[in-house]
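Source file data_14.tsv; content: TSV, C-alpha atoms.
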```
chain	number	residue	atom	x	y	z
A	1	MET	CA	20.16	3.65	-43.15
A	2	ALA	CA	23.89	3.62	-43.87
A	3	MET	CA	24.58	2.34	-40.38
A	4	ALA	CA	21.94	-0.35	-40.78
A	5	GLU	CA	23.62	-1.50	-44.00
A	6	GLN	CA	26.98	-1.59	-42.28
A	7	ALA	CA	25.52	-3.58	-39.43
A	8	ARG	CA	24.14	-6.15	-41.85
A	9	THR	CA	27.45	-6.63	-43.70
A	10	VAL	CA	29.81	-6.79	-40.75
A	11	GLY	CA	32.11	-9.86	-40.99
A	12	LYS	CA	32.89	-12.04	-43.97
A	13	ALA	CA	29.38	-13.31	-44.65
A	14	PRO	CA	26.05	-11.48	-44.44
A	15	VAL	CA	24.21	-12.33	-41.23
A	16	THR	CA	20.61	-11.98	-40.23
A	17	VAL	CA	20.16	-9.28	-37.61
A	18	ARG	CA	16.95	-8.44	-35.84
A	19	PRO	CA	15.64	-4.98	-36.90
A	20	SER	CA	15.12	-4.03	-33.26
A	21	LEU	CA	18.83	-4.64	-32.58
A	22	ILE	CA	19.80	-2.48	-35.55
A	23	ARG	CA	17.51	0.26	-34.24
A	24	GLU	CA	19.11	0.02	-30.83
A	25	LEU	CA	22.65	0.21	-32.26
A	26	ILE	CA	21.69	3.28	-34.29
A	27	ASP	CA	20.26	4.93	-31.15
A	28	ILE	CA	23.47	4.17	-29.26
A	29	ALA	CA	25.59	5.59	-32.10
A	30	ASP	CA	23.44	8.72	-32.20
A	31	TYR	CA	23.71	9.13	-28.45
A	32	ILE	CA	27.51	8.79	-28.58
A	33	ALA	CA	27.65	11.41	-31.35
A	34	HIS	CA	25.45	13.68	-29.27
A	35	VAL	CA	27.62	13.30	-26.16
A	36	ARG	CA	30.78	13.98	-28.20
A	37	LYS	CA	29.18	17.16	-29.52
A	38	GLU	CA	28.32	18.26	-25.99
A	39	ILE	CA	31.84	17.51	-24.75
A	40	ALA	CA	33.16	19.71	-27.56
A	41	ALA	CA	30.72	22.45	-26.52
A	42	LEU	CA	32.31	22.47	-23.06
A	43	ARG	CA	35.40	23.96	-24.74
A	44	ALA	CA	37.55	22.55	-21.97
A	45	ASN	CA	40.78	23.64	-23.69
A	46	GLU	CA	39.63	27.26	-23.79
A	47	LEU	CA	38.74	27.07	-20.09
A	48	THR	CA	42.12	25.69	-19.07
A	49	ARG	CA	44.16	27.76	-21.54
A	50	ASP	CA	42.46	31.17	-21.21
A	51	ARG	CA	39.70	31.63	-18.68
A	52	LEU	CA	41.06	29.87	-15.60
A	53	PRO	CA	44.60	31.31	-15.91
A	54	MET	CA	43.05	34.77	-16.38
A	55	ALA	CA	41.00	34.23	-13.20
A	56	HIS	CA	44.14	33.23	-11.29
A	57	GLU	CA	46.00	36.26	-12.60
A	58	GLU	CA	43.16	38.67	-11.78
A	59	LEU	CA	42.79	37.33	-8.25
A	60	GLY	CA	46.55	37.56	-7.78
A	61	SER	CA	46.38	41.21	-8.87
A	62	VAL	CA	43.54	41.82	-6.39
A	63	VAL	CA	45.62	40.43	-3.55
A	64	GLU	CA	48.60	42.53	-4.65
A	65	ALA	CA	46.52	45.71	-4.96
A	66	THR	CA	44.81	45.32	-1.61
A	67	ALA	CA	48.15	44.64	0.07
A	68	GLY	CA	49.68	47.70	-1.62
A	69	ALA	CA	46.76	49.93	-0.63
A	70	THR	CA	46.81	48.71	2.95
A	71	ASN	CA	50.51	49.39	3.12
A	72	SER	CA	50.08	52.93	1.74
A	73	ILE	CA	47.27	53.72	4.18
A	74	MET	CA	49.22	52.34	7.12
A	75	THR	CA	52.30	54.32	6.12
A	76	ALA	CA	50.28	57.54	5.87
A	77	ALA	CA	48.66	56.90	9.26
A	78	GLU	CA	52.04	56.20	10.87
A	79	GLU	CA	53.50	59.37	9.37
A	80	ILE	CA	50.56	61.40	10.73
A	81	LEU	CA	51.14	59.96	14.18
A	82	GLY	CA	54.78	60.95	13.97
A	83	LEU	CA	54.23	64.56	12.84
A	84	PRO	CA	55.52	67.35	15.08
A	85	ASP	CA	52.83	69.58	16.60
A	86	ASP	CA	53.79	72.82	14.87
A	87	LYS	CA	52.31	75.38	12.44
A	88	ASN	CA	52.77	73.01	9.49
A	89	TYR	CA	50.79	70.24	11.15
A	90	ARG	CA	47.52	70.76	9.26
A	91	ALA	CA	49.16	70.97	5.83
A	92	ALA	CA	51.22	67.86	6.57
A	93	VAL	CA	48.12	65.93	7.68
A	94	GLU	CA	46.22	67.00	4.55
A	95	ALA	CA	49.09	65.74	2.36
A	96	ARG	CA	48.92	62.31	4.06
A	97	MET	CA	45.12	62.29	3.74
A	98	ASN	CA	45.50	62.76	-0.01
A	99	ASP	CA	47.83	59.75	-0.05
A	100	ILE	CA	45.11	57.76	1.72
A	101	PHE	CA	42.43	58.89	-0.78
A	102	GLU	CA	44.70	57.84	-3.64
A	103	ALA	CA	45.38	54.46	-2.05
A	104	CYS	CA	41.61	53.90	-1.60
A	105	THR	CA	41.08	53.87	-5.38
A	106	PHE	CA	42.18	50.21	-5.24
A	107	GLN	CA	38.62	49.30	-4.26
A	108	ASP	CA	37.23	50.38	-7.62
A	109	ILE	CA	39.87	48.54	-9.63
A	110	THR	CA	39.81	45.34	-7.58
A	111	GLY	CA	36.02	45.32	-7.83
A	112	GLN	CA	36.31	45.30	-11.61
A	113	ARG	CA	38.93	42.54	-11.53
A	114	ILE	CA	36.71	40.37	-9.36
A	115	SER	CA	33.81	41.00	-11.74
A	116	LYS	CA	35.93	39.56	-14.56
A	117	VAL	CA	36.61	36.43	-12.50
A	118	SER	CA	32.93	36.12	-11.64
A	119	GLU	CA	32.10	36.31	-15.31
A	120	SER	CA	34.47	33.42	-16.05
A	121	LEU	CA	32.92	31.36	-13.29
A	122	ARG	CA	29.49	32.14	-14.69
A	123	GLN	CA	30.66	30.89	-18.08
A	124	LEU	CA	32.05	27.71	-16.54
A	125	GLU	CA	28.86	27.13	-14.57
A	126	GLY	CA	26.75	27.64	-17.66
A	127	ARG	CA	28.74	25.16	-19.74
A	128	LEU	CA	28.79	22.47	-17.05
A	129	SER	CA	25.10	22.90	-16.37
A	130	ARG	CA	24.33	22.58	-20.05
A	131	PHE	CA	26.51	19.50	-20.39
A	132	ALA	CA	24.90	17.77	-17.42
A	133	SER	CA	21.49	18.53	-18.73
A	134	ALA	CA	22.42	17.35	-22.23
A	135	VAL	CA	23.77	14.01	-21.08
A	136	LYS	CA	20.66	13.20	-19.08
A	137	ALA	CA	17.94	14.58	-21.32
A	138	LYS	CA	19.73	14.70	-24.66
A	139	ASP	CA	19.05	18.45	-24.95
A	140	GLU	CA	20.34	20.19	-28.05
A	141	GLY	CA	23.20	22.61	-27.49
A	142	GLY	CA	22.95	26.18	-28.68
A	143	VAL	CA	24.12	29.75	-28.26
A	144	ASP	CA	22.63	31.83	-25.49
A	145	PRO	CA	21.27	34.92	-27.30
A	146	THR	CA	21.54	37.03	-24.12
A	147	GLU	CA	25.23	36.17	-23.83
A	148	VAL	CA	25.80	37.03	-27.48
A	149	GLU	CA	24.11	40.41	-26.96
A	150	ARG	CA	26.20	41.10	-23.85
A	151	ARG	CA	29.44	40.27	-25.63
A	152	VAL	CA	28.60	42.43	-28.64
A	153	ARG	CA	27.82	45.36	-26.34
A	154	ALA	CA	31.05	44.90	-24.37
A	155	GLU	CA	33.11	44.81	-27.56
A	156	LEU	CA	31.39	47.82	-29.11
A	157	LEU	CA	31.77	49.92	-25.98
A	158	LEU	CA	35.29	48.66	-25.19
A	159	LEU	CA	34.22	47.51	-21.74
A	160	ASN	CA	37.27	45.40	-21.10
A	161	GLY	CA	37.93	46.40	-17.52
A	162	PRO	CA	41.29	47.21	-16.00
A	163	GLN	CA	44.38	45.70	-17.55
A	164	ILE	CA	46.68	43.11	-16.01
A	165	LYS	CA	49.83	44.59	-14.43
A	166	GLY	CA	48.57	48.17	-14.44
A	167	PRO	CA	47.31	50.47	-17.16
A	168	ALA	CA	47.79	49.40	-20.78
A	169	THR	CA	48.74	52.97	-21.60
A	170	ALA	CA	50.56	55.17	-19.10
A	171	GLN	CA	49.18	58.59	-18.13
A	172	ASP	CA	52.15	60.29	-19.83
A	173	GLU	CA	51.37	58.58	-23.13
A	174	ILE	CA	47.70	59.53	-22.81
A	175	ASP	CA	48.68	63.12	-22.07
A	176	ALA	CA	50.71	63.14	-25.28
A	177	LEU	CA	47.58	62.22	-27.22
A	178	PHE	CA	45.83	65.30	-25.81
A	179	SER	CA	48.69	67.77	-26.15
B	1	MET	CA	42.38	82.84	-16.45
B	2	ALA	CA	41.83	81.57	-12.88
B	3	LEU	CA	39.74	78.51	-12.19
B	4	ASP	CA	36.14	79.21	-11.25
B	5	LEU	CA	35.97	77.41	-7.91
B	6	GLY	CA	32.22	78.06	-7.72
B	7	MET	CA	31.40	76.13	-10.87
B	8	PRO	CA	29.19	73.07	-10.34
B	9	ILE	CA	30.93	69.78	-11.13
B	10	LEU	CA	29.17	66.50	-11.86
B	11	VAL	CA	31.01	63.32	-10.82
B	12	VAL	CA	29.71	60.14	-12.47
B	13	ASP	CA	30.80	56.77	-11.09
B	14	ASP	CA	29.04	53.61	-9.97
B	15	TYR	CA	31.53	53.08	-7.12
B	16	GLN	CA	30.52	55.26	-4.20
B	17	THR	CA	34.05	54.99	-2.80
B	18	MET	CA	35.41	56.53	-5.99
B	19	VAL	CA	32.78	59.29	-5.90
B	20	ARG	CA	33.79	60.03	-2.33
B	21	ILE	CA	37.48	60.11	-3.24
B	22	ILE	CA	36.92	62.50	-6.15
B	23	ARG	CA	34.62	64.68	-4.03
B	24	ASN	CA	37.33	64.94	-1.37
B	25	LEU	CA	40.03	65.69	-3.91
B	26	LEU	CA	37.85	68.40	-5.48
B	27	LYS	CA	37.19	69.84	-2.05
B	28	GLN	CA	40.94	69.93	-1.42
B	29	LEU	CA	41.30	71.87	-4.67
B	30	GLY	CA	38.65	74.36	-3.51
B	31	PHE	CA	35.57	73.14	-5.40
B	32	GLU	CA	32.48	73.03	-3.20
B	33	GLU	CA	29.64	72.58	-5.72
B	34	VAL	CA	29.90	68.86	-6.49
B	35	ASP	CA	26.99	66.63	-7.48
B	36	ASP	CA	27.19	62.95	-8.34
B	37	ALA	CA	25.42	60.31	-10.40
B	38	SER	CA	25.83	56.53	-10.43
B	39	ASP	CA	25.73	55.98	-14.21
B	40	GLY	CA	25.24	57.73	-17.53
B	41	THR	CA	21.46	57.69	-17.41
B	42	ALA	CA	21.33	59.35	-13.99
B	43	ALA	CA	24.01	61.82	-15.12
B	44	LEU	CA	22.03	62.84	-18.21
B	45	ALA	CA	19.00	63.53	-16.01
B	46	ARG	CA	21.12	65.79	-13.81
B	47	LEU	CA	22.69	67.53	-16.80
B	48	LYS	CA	19.22	68.40	-18.13
B	49	ASN	CA	18.35	70.11	-14.84
B	50	ARG	CA	21.53	72.02	-14.03
B	51	LYS	CA	24.30	73.70	-15.98
B	52	TYR	CA	27.61	72.12	-14.97
B	53	GLY	CA	31.03	73.61	-15.56
B	54	LEU	CA	32.62	70.18	-15.75
B	55	VAL	CA	31.71	66.49	-15.94
B	56	ILE	CA	34.14	63.94	-14.48
B	57	SER	CA	33.02	60.47	-15.49
B	58	ASP	CA	34.03	56.86	-15.13
B	59	TRP	CA	33.83	54.70	-18.27
B	60	ASN	CA	32.75	51.29	-17.00
B	61	MET	CA	29.15	51.65	-15.78
B	62	GLU	CA	25.80	50.09	-16.52
B	63	PRO	CA	23.22	50.60	-17.90
B	64	MET	CA	24.78	53.63	-19.64
B	65	THR	CA	28.59	53.77	-19.83
B	66	GLY	CA	30.69	56.92	-19.56
B	67	TYR	CA	31.50	56.59	-23.25
B	68	GLU	CA	27.80	56.53	-24.13
B	69	LEU	CA	27.20	59.49	-21.80
B	70	LEU	CA	29.96	61.40	-23.58
B	71	ARG	CA	28.35	60.72	-26.97
B	72	HIS	CA	24.95	61.83	-25.67
B	73	VAL	CA	26.44	65.04	-24.25
B	74	ARG	CA	28.26	65.87	-27.47
B	75	ALA	CA	25.13	65.18	-29.53
B	76	ASP	CA	22.97	67.49	-27.40
B	77	GLU	CA	22.95	71.10	-28.58
B	78	ALA	CA	22.54	72.45	-25.03
B	79	LEU	CA	25.28	70.28	-23.51
B	80	ARG	CA	27.83	69.79	-26.28
B	81	THR	CA	30.34	72.39	-24.98
B	82	THR	CA	30.37	71.05	-21.42
B	83	PRO	CA	33.95	70.11	-20.48
B	84	PHE	CA	34.23	66.36	-20.00
B	85	ILE	CA	37.04	64.42	-18.30
B	86	MET	CA	37.09	60.63	-18.37
B	87	VAL	CA	38.51	59.07	-15.20
B	88	THR	CA	38.85	55.36	-15.73
B	89	ALA	CA	40.82	52.14	-15.55
B	90	GLU	CA	40.15	51.73	-19.31
B	91	SER	CA	43.52	52.82	-20.61
B	92	LYS	CA	44.08	50.86	-23.80
B	93	THR	CA	45.21	53.25	-26.50
B	94	GLU	CA	42.23	52.39	-28.71
B	95	ASN	CA	39.88	53.30	-25.84
B	96	VAL	CA	41.59	56.65	-25.32
B	97	ILE	CA	41.46	57.38	-29.04
B	98	ALA	CA	37.79	56.37	-29.19
B	99	ALA	CA	37.00	58.73	-26.31
B	100	LYS	CA	39.00	61.53	-27.93
B	101	LYS	CA	37.15	61.05	-31.21
B	102	ALA	CA	33.88	61.18	-29.29
B	103	GLY	CA	34.91	64.57	-27.89
B	104	VAL	CA	36.40	63.97	-24.45
B	105	ASN	CA	38.52	66.91	-23.24
B	106	ASN	CA	40.93	64.93	-21.12
B	107	TYR	CA	41.55	61.45	-19.77
B	108	ILE	CA	42.84	60.29	-16.39
B	109	VAL	CA	43.90	56.73	-15.61
B	110	LYS	CA	43.07	55.29	-12.19
B	111	PRO	CA	44.62	55.36	-9.70
B	112	PHE	CA	45.48	59.05	-9.73
B	113	ASN	CA	46.32	61.80	-7.26
B	114	ALA	CA	45.15	65.33	-6.53
B	115	ALA	CA	47.96	66.87	-8.58
B	116	THR	CA	46.95	64.94	-11.69
B	117	LEU	CA	43.28	65.84	-11.24
B	118	LYS	CA	44.17	69.50	-10.72
B	119	SER	CA	46.37	69.67	-13.81
B	120	LYS	CA	43.63	68.11	-15.97
B	121	ILE	CA	40.95	70.46	-14.64
B	122	GLU	CA	43.24	73.40	-15.30
B	123	ALA	CA	43.92	72.15	-18.83
B	124	VAL	CA	40.22	71.67	-19.56
B	125	CYS	CA	38.73	74.64	-17.74
B	126	GLY	CA	41.42	77.11	-18.72
B	127	ALA	CA	43.50	78.08	-15.70
```
Can you present the structure in this file as structure tokens?
Amino acid sequence: MAMAEQARTVGKAPVTVRPSLIRELIDIADYIAHVRKEIAALRANELTRDRLPMAHEELGSVVEATAGATNSIMTAAEEILGLPDDKNYRAAVEARMNDIFEACTFQDITGQRISKVSESLRQLEGRLSRFASAVKAKDEGGVDPTEVERRVRAELLLLNGPQIKGPATAQDEIDALFS
Amino acid sequence: MALDLGMPILVVDDYQTMVRIIRNLLKQLGFEEVDDASDGTAALARLKNRKYGLVISDWNMEPMTGYELLRHVRADEALRTTPFIMVTAESKTENVIAAKKAGVNNYIVKPFNAATLKSKIEAVCGA
């Protein structure tokens, strides 16, 4: 009703406006408010400030880790090929094999990093999908209860995944906590 | 006290590559009795059926995490004294402290090598 009053008193002198026009203007104003709300729900600043840079950083770490692991494995293989055929051969080969096993742990860590990126993409997809749907059908926004439950569980169980640029706490520091 | 190389060890990790790596490292150290499980739920089922001398578990698994498995083990009268080593990429200090409070015996950050694994097993199993 407030908008209808405003519409009637626009300008210096009161004018006669058709009620159907007022109704239409109110609908347009409501629609604009709705779209603004949905644009806010996209949280575009959070995406560009936090999620997308994190995804770039994680993928960069994956590339770095896979390159490092490949290099370690290749080095071990080359050293095995260059070993002299003597009584120490088996022990020397086993030592290089252990280096290869250690290098192969990259697969676990990179898998977790990629999962974090996938999760960000899933978030982005969800927000865009909701926005598109809202603009066309004027759907109400809302919080996905499944997502809330997942986040609460992750926070409670400290499921944060591997840290950027290596472990947050070094093995030596952890050992000190157990000594 | 020497390590009991015949003791059964349960390795819990959802990454088969990691299970294979730990199995191989344990074999290098002389342990032959190694079982595995892909998450906490499967591990608990195994723990109910066999007495293990050591559990080596990842943290980040679904549906039951290594942290939840640890809490279940420590809450179970029959399992509570089972040595438990967490092997994980979760290395934030608060995570380590949470695991320690829950009763973990030692904690290894990935990636790790055979020497680190050996020293932790010795520390936990009393070599």
Quiz item: What are the residues of chain B that have an atom within 10 Å of an atom of chain A, counting only C-alpha atoms, as an MDAnalysis selection string?
Solution: chainID B and resid 13:22 24:25 28 59:61 65:68 88:98 100 104:116 120 123
Exercise. For CA of Thr41 in chain B and CA of Pro63 in chain B, quote the distance in Å rounded to one decimal.
Key: 7.3 Å
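CA of Val117 in chain A lies 5.0 Å from CA of Ala55 in chain A.
If you look at CA of Glu24 in chain A and CA of Arg127 in chain A, they are 29.1 Å away from each other.
Using all atoms listed in the file, the smallest distance between any of B:Ile56, B:Arg50, B:Leu70, B:Thr82 and Ile121 in chain B comes from B:Ile56.
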Neighbouring residues of Glu33 in chain B were defined as those with any atom within 7 Å, considering all atoms listed in the file; residues of the same chain fewer than 2 positions away were excluded. Please report them as a CSV table (one decimal) with C-alpha atoms, in the coordinates of the input.
```csv
chain,number,residue,atom,x,y,z
B,6,GLY,CA,32.2,78.1,-7.7
B,7,MET,CA,31.4,76.1,-10.9
B,8,PRO,CA,29.2,73.1,-10.3
B,9,ILE,CA,30.9,69.8,-11.1
B,31,PHE,CA,35.6,73.1,-5.4
B,35,ASP,CA,27.0,66.6,-7.5
```
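Every protein or nucleic acid residue with an atom no more than 12 Å from Asp144 in chain A, counting all atoms listed in the file and leaving out same-chain residues fewer than 2 positions away, appears here: Gln123, Gly126, Arg127, Arg130, Gly141, Gly142, Thr146, Glu147, Val148, Glu149, Arg150 and Arg151 of chain A.
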Output for the residues just chosen: C-alpha atoms as a compact mmCIF listing (two decimals), in the frame of the given file:
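Now in part_27.txt:
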```txt
# COMPACT_ATOMS: atom_id res chain seq x y z
CA GLN A 123 30.66 30.89 -18.08
CA GLY A 126 26.75 27.64 -17.66
CA ARG A 127 28.74 25.16 -19.74
CA ARG A 130 24.33 22.58 -20.05
CA GLY A 141 23.20 22.61 -27.49
CA GLY A 142 22.95 26.18 -28.68
CA THR A 146 21.54 37.03 -24.12
CA GLU A 147 25.23 36.17 -23.83
CA VAL A 148 25.80 37.03 -27.48
CA GLU A 149 24.11 40.41 -26.96
CA ARG A 150 26.20 41.10 -23.85
CA ARG A 151 29.44 40.27 -25.63
```
